[in-house]
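Each remark here refers to the structure printed beneath this line.
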Amino acid sequence: SQDDERFEGIFDALYYHYTCPEAWALAPGAVPALQRLRAAGVKVGVVSNWDTRLPSLLKRLNLVNELDSIVVSAQVEAEKPDIKPFQVAMEQMGLNLEVDAERCVHVGDDITNDVEGARRAGYGCSLHWTCGIGEGQVFDMSELADAVLSNDCADTSYEVLKHL
């Protein structure tokens, strides 16, 4: 029907739109924070419940060189909060889930998928991003890097402002 064709056209346009770097904005300080973490020897990865377009998008956003691992649920056939995406990320970084997980920090925007998923995987710390500004929340990603590098995040409930 004509409505179905119109819907497909709109869907296709939106699907394409979100493959373009112009559709996204990086969090303030994201690139310098990633660079600082990696310069300090911290391995950095993306674990996402997204589709197979993500690695290409991250490349066009000039983030691939700042990452040690990119895990997309569609590629590993498991979505967070399942531990498999977290485990694959660690494997890509040369880490072992049973030995190294407690030294890992995960930052995400969903309590169930990210915070609980990271806890299930045995990660030592999981930080929740939020779209609100308030006390105890981090606006610039350099503050997140400070917390990770100071080993302060395990006992602190930082919340990072999401800017995507």
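Ordering of the structure tokens sets the chain letters (A, B, ...); residue numbers start at 1 within each chain; ligands are numbered from 1 in the order shown.
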Closest atom pairs, range 8-72 of chain A residues within 10 Å of range 97-118 of chain A, only C-alpha atoms, as JSON lines:
```
{"residue": "A:Val42", "atom": "CA", "partner": "A:Cys104", "partner_atom": "CA", "distance": 9.5}
{"residue": "A:Lys43", "atom": "CA", "partner": "A:Cys104", "partner_atom": "CA", "distance": 9.2}
{"residue": "A:Val44", "atom": "CA", "partner": "A:Val105", "partner_atom": "CA", "distance": 9.5}
{"residue": "A:Gly45", "atom": "CA", "partner": "A:His106", "partner_atom": "CA", "distance": 9.2}
{"residue": "A:Val46", "atom": "CA", "partner": "A:His106", "partner_atom": "CA", "distance": 9.2}
{"residue": "A:Val47", "atom": "CA", "partner": "A:His106", "partner_atom": "CA", "distance": 8.8}
{"residue": "A:Ser48", "atom": "CA", "partner": "A:Gly108", "partner_atom": "CA", "distance": 9.0}
{"residue": "A:Asn49", "atom": "CA", "partner": "A:Asn113", "partner_atom": "CA", "distance": 8.6}
```
| task | Compile the contact shell of Gly29 in chain A as an NGL selection string: residues with an atom at most 10 Å away, counting only C-alpha atoms, same-chain residues fewer than 3 positions apart removed. | result | :A and (26 or 32-34 or 139-145)
| Could you work out how far CA of Ala121 in chain A lies from CA of Glu91 in chain A, giving the answer in Å with one decimal? | 12.8 Å
Distance query Leu54 in chain A at most 10 Å, only C-alpha atoms, self and fewer than 4 positions along chain excluded, as a PDB file with N, CA and C atoms, in the first residue's frame:
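Final output, selection.pdb:
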```pdb
ATOM      1  N   TYR A  18      21.425   7.812  10.468  1.00  0.00           N
ATOM      2  CA  TYR A  18      22.214   7.462  11.644  1.00  0.00           C
ATOM      3  C   TYR A  18      23.483   6.680  11.322  1.00  0.00           C
ATOM      4  N   THR A  19      23.789   6.506  10.034  1.00  0.00           N
ATOM      5  CA  THR A  19      25.098   5.978   9.655  1.00  0.00           C
ATOM      6  C   THR A  19      26.075   7.117   9.404  1.00  0.00           C
ATOM      7  N   VAL A  46      34.434  -0.292  23.142  1.00  0.00           N
ATOM      8  CA  VAL A  46      33.004  -0.020  23.049  1.00  0.00           C
ATOM      9  C   VAL A  46      32.288  -1.363  23.052  1.00  0.00           C
ATOM     10  N   SER A  48      28.381  -2.470  22.675  1.00  0.00           N
ATOM     11  CA  SER A  48      27.115  -1.833  22.350  1.00  0.00           C
ATOM     12  C   SER A  48      26.056  -2.812  21.854  1.00  0.00           C
ATOM     13  N   ASN A  49      24.821  -2.565  22.271  1.00  0.00           N
ATOM     14  CA  ASN A  49      23.668  -3.281  21.723  1.00  0.00           C
ATOM     15  C   ASN A  49      23.206  -2.532  20.470  1.00  0.00           C
ATOM     16  N   TRP A  50      24.050  -2.491  19.486  1.00  0.00           N
ATOM     17  CA  TRP A  50      23.752  -1.795  18.247  1.00  0.00           C
ATOM     18  C   TRP A  50      23.899  -2.785  17.107  1.00  0.00           C
ATOM     19  N   LEU A  58      32.035   4.523  13.917  1.00  0.00           N
ATOM     20  CA  LEU A  58      33.125   4.938  14.804  1.00  0.00           C
ATOM     21  C   LEU A  58      34.376   5.314  14.013  1.00  0.00           C
ATOM     22  N   LYS A  59      34.606   4.622  12.909  1.00  0.00           N
ATOM     23  CA  LYS A  59      35.738   4.973  12.045  1.00  0.00           C
ATOM     24  C   LYS A  59      35.538   6.356  11.441  1.00  0.00           C
ATOM     25  N   ARG A  60      34.330   6.633  10.958  1.00  0.00           N
ATOM     26  CA  ARG A  60      34.059   7.945  10.355  1.00  0.00           C
ATOM     27  C   ARG A  60      34.025   9.064  11.400  1.00  0.00           C
ATOM     28  N   ILE A  70      35.978  -3.088  19.778  1.00  0.00           N
ATOM     29  CA  ILE A  70      34.615  -2.685  19.431  1.00  0.00           C
ATOM     30  C   ILE A  70      33.793  -3.958  19.362  1.00  0.00           C
ATOM     31  N   VAL A  71      32.801  -4.059  20.244  1.00  0.00           N
ATOM     32  CA  VAL A  71      31.933  -5.232  20.278  1.00  0.00           C
ATOM     33  C   VAL A  71      30.504  -4.771  20.050  1.00  0.00           C
ATOM     34  N   VAL A  72      29.889  -5.349  19.037  1.00  0.00           N
ATOM     35  CA  VAL A  72      28.513  -5.021  18.681  1.00  0.00           C
ATOM     36  C   VAL A  72      27.669  -6.276  18.875  1.00  0.00           C
ATOM     37  N   ALA A  74      25.041  -7.370  17.590  1.00  0.00           N
ATOM     38  CA  ALA A  74      24.612  -8.058  16.362  1.00  0.00           C
ATOM     39  C   ALA A  74      25.702  -8.986  15.829  1.00  0.00           C
TER      40      ALA A  74
END
```
| task | In Å, rounded to a single decimal, give me how far CA of Glu77 in chain A is from CA of Gly124 in chain A. | result |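 These two atoms are separated by 24.5 Å.
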| Hey, what does DSSP flag as strand (DSSP E or B) within chain A? Can you give it to me as a list in words? |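 DSSP-assigned strand (DSSP E or B) residues in chain A: Gly45, Val46, Val47, Ser48, Ser69, Ile70, Val71, Val72, Val105, His106, Val107, Gly108, Cys125, Ser126, Leu127, His128, Trp129, Thr130, Gln137, Val138, Glu159, Val160 and Leu161 of chain A.
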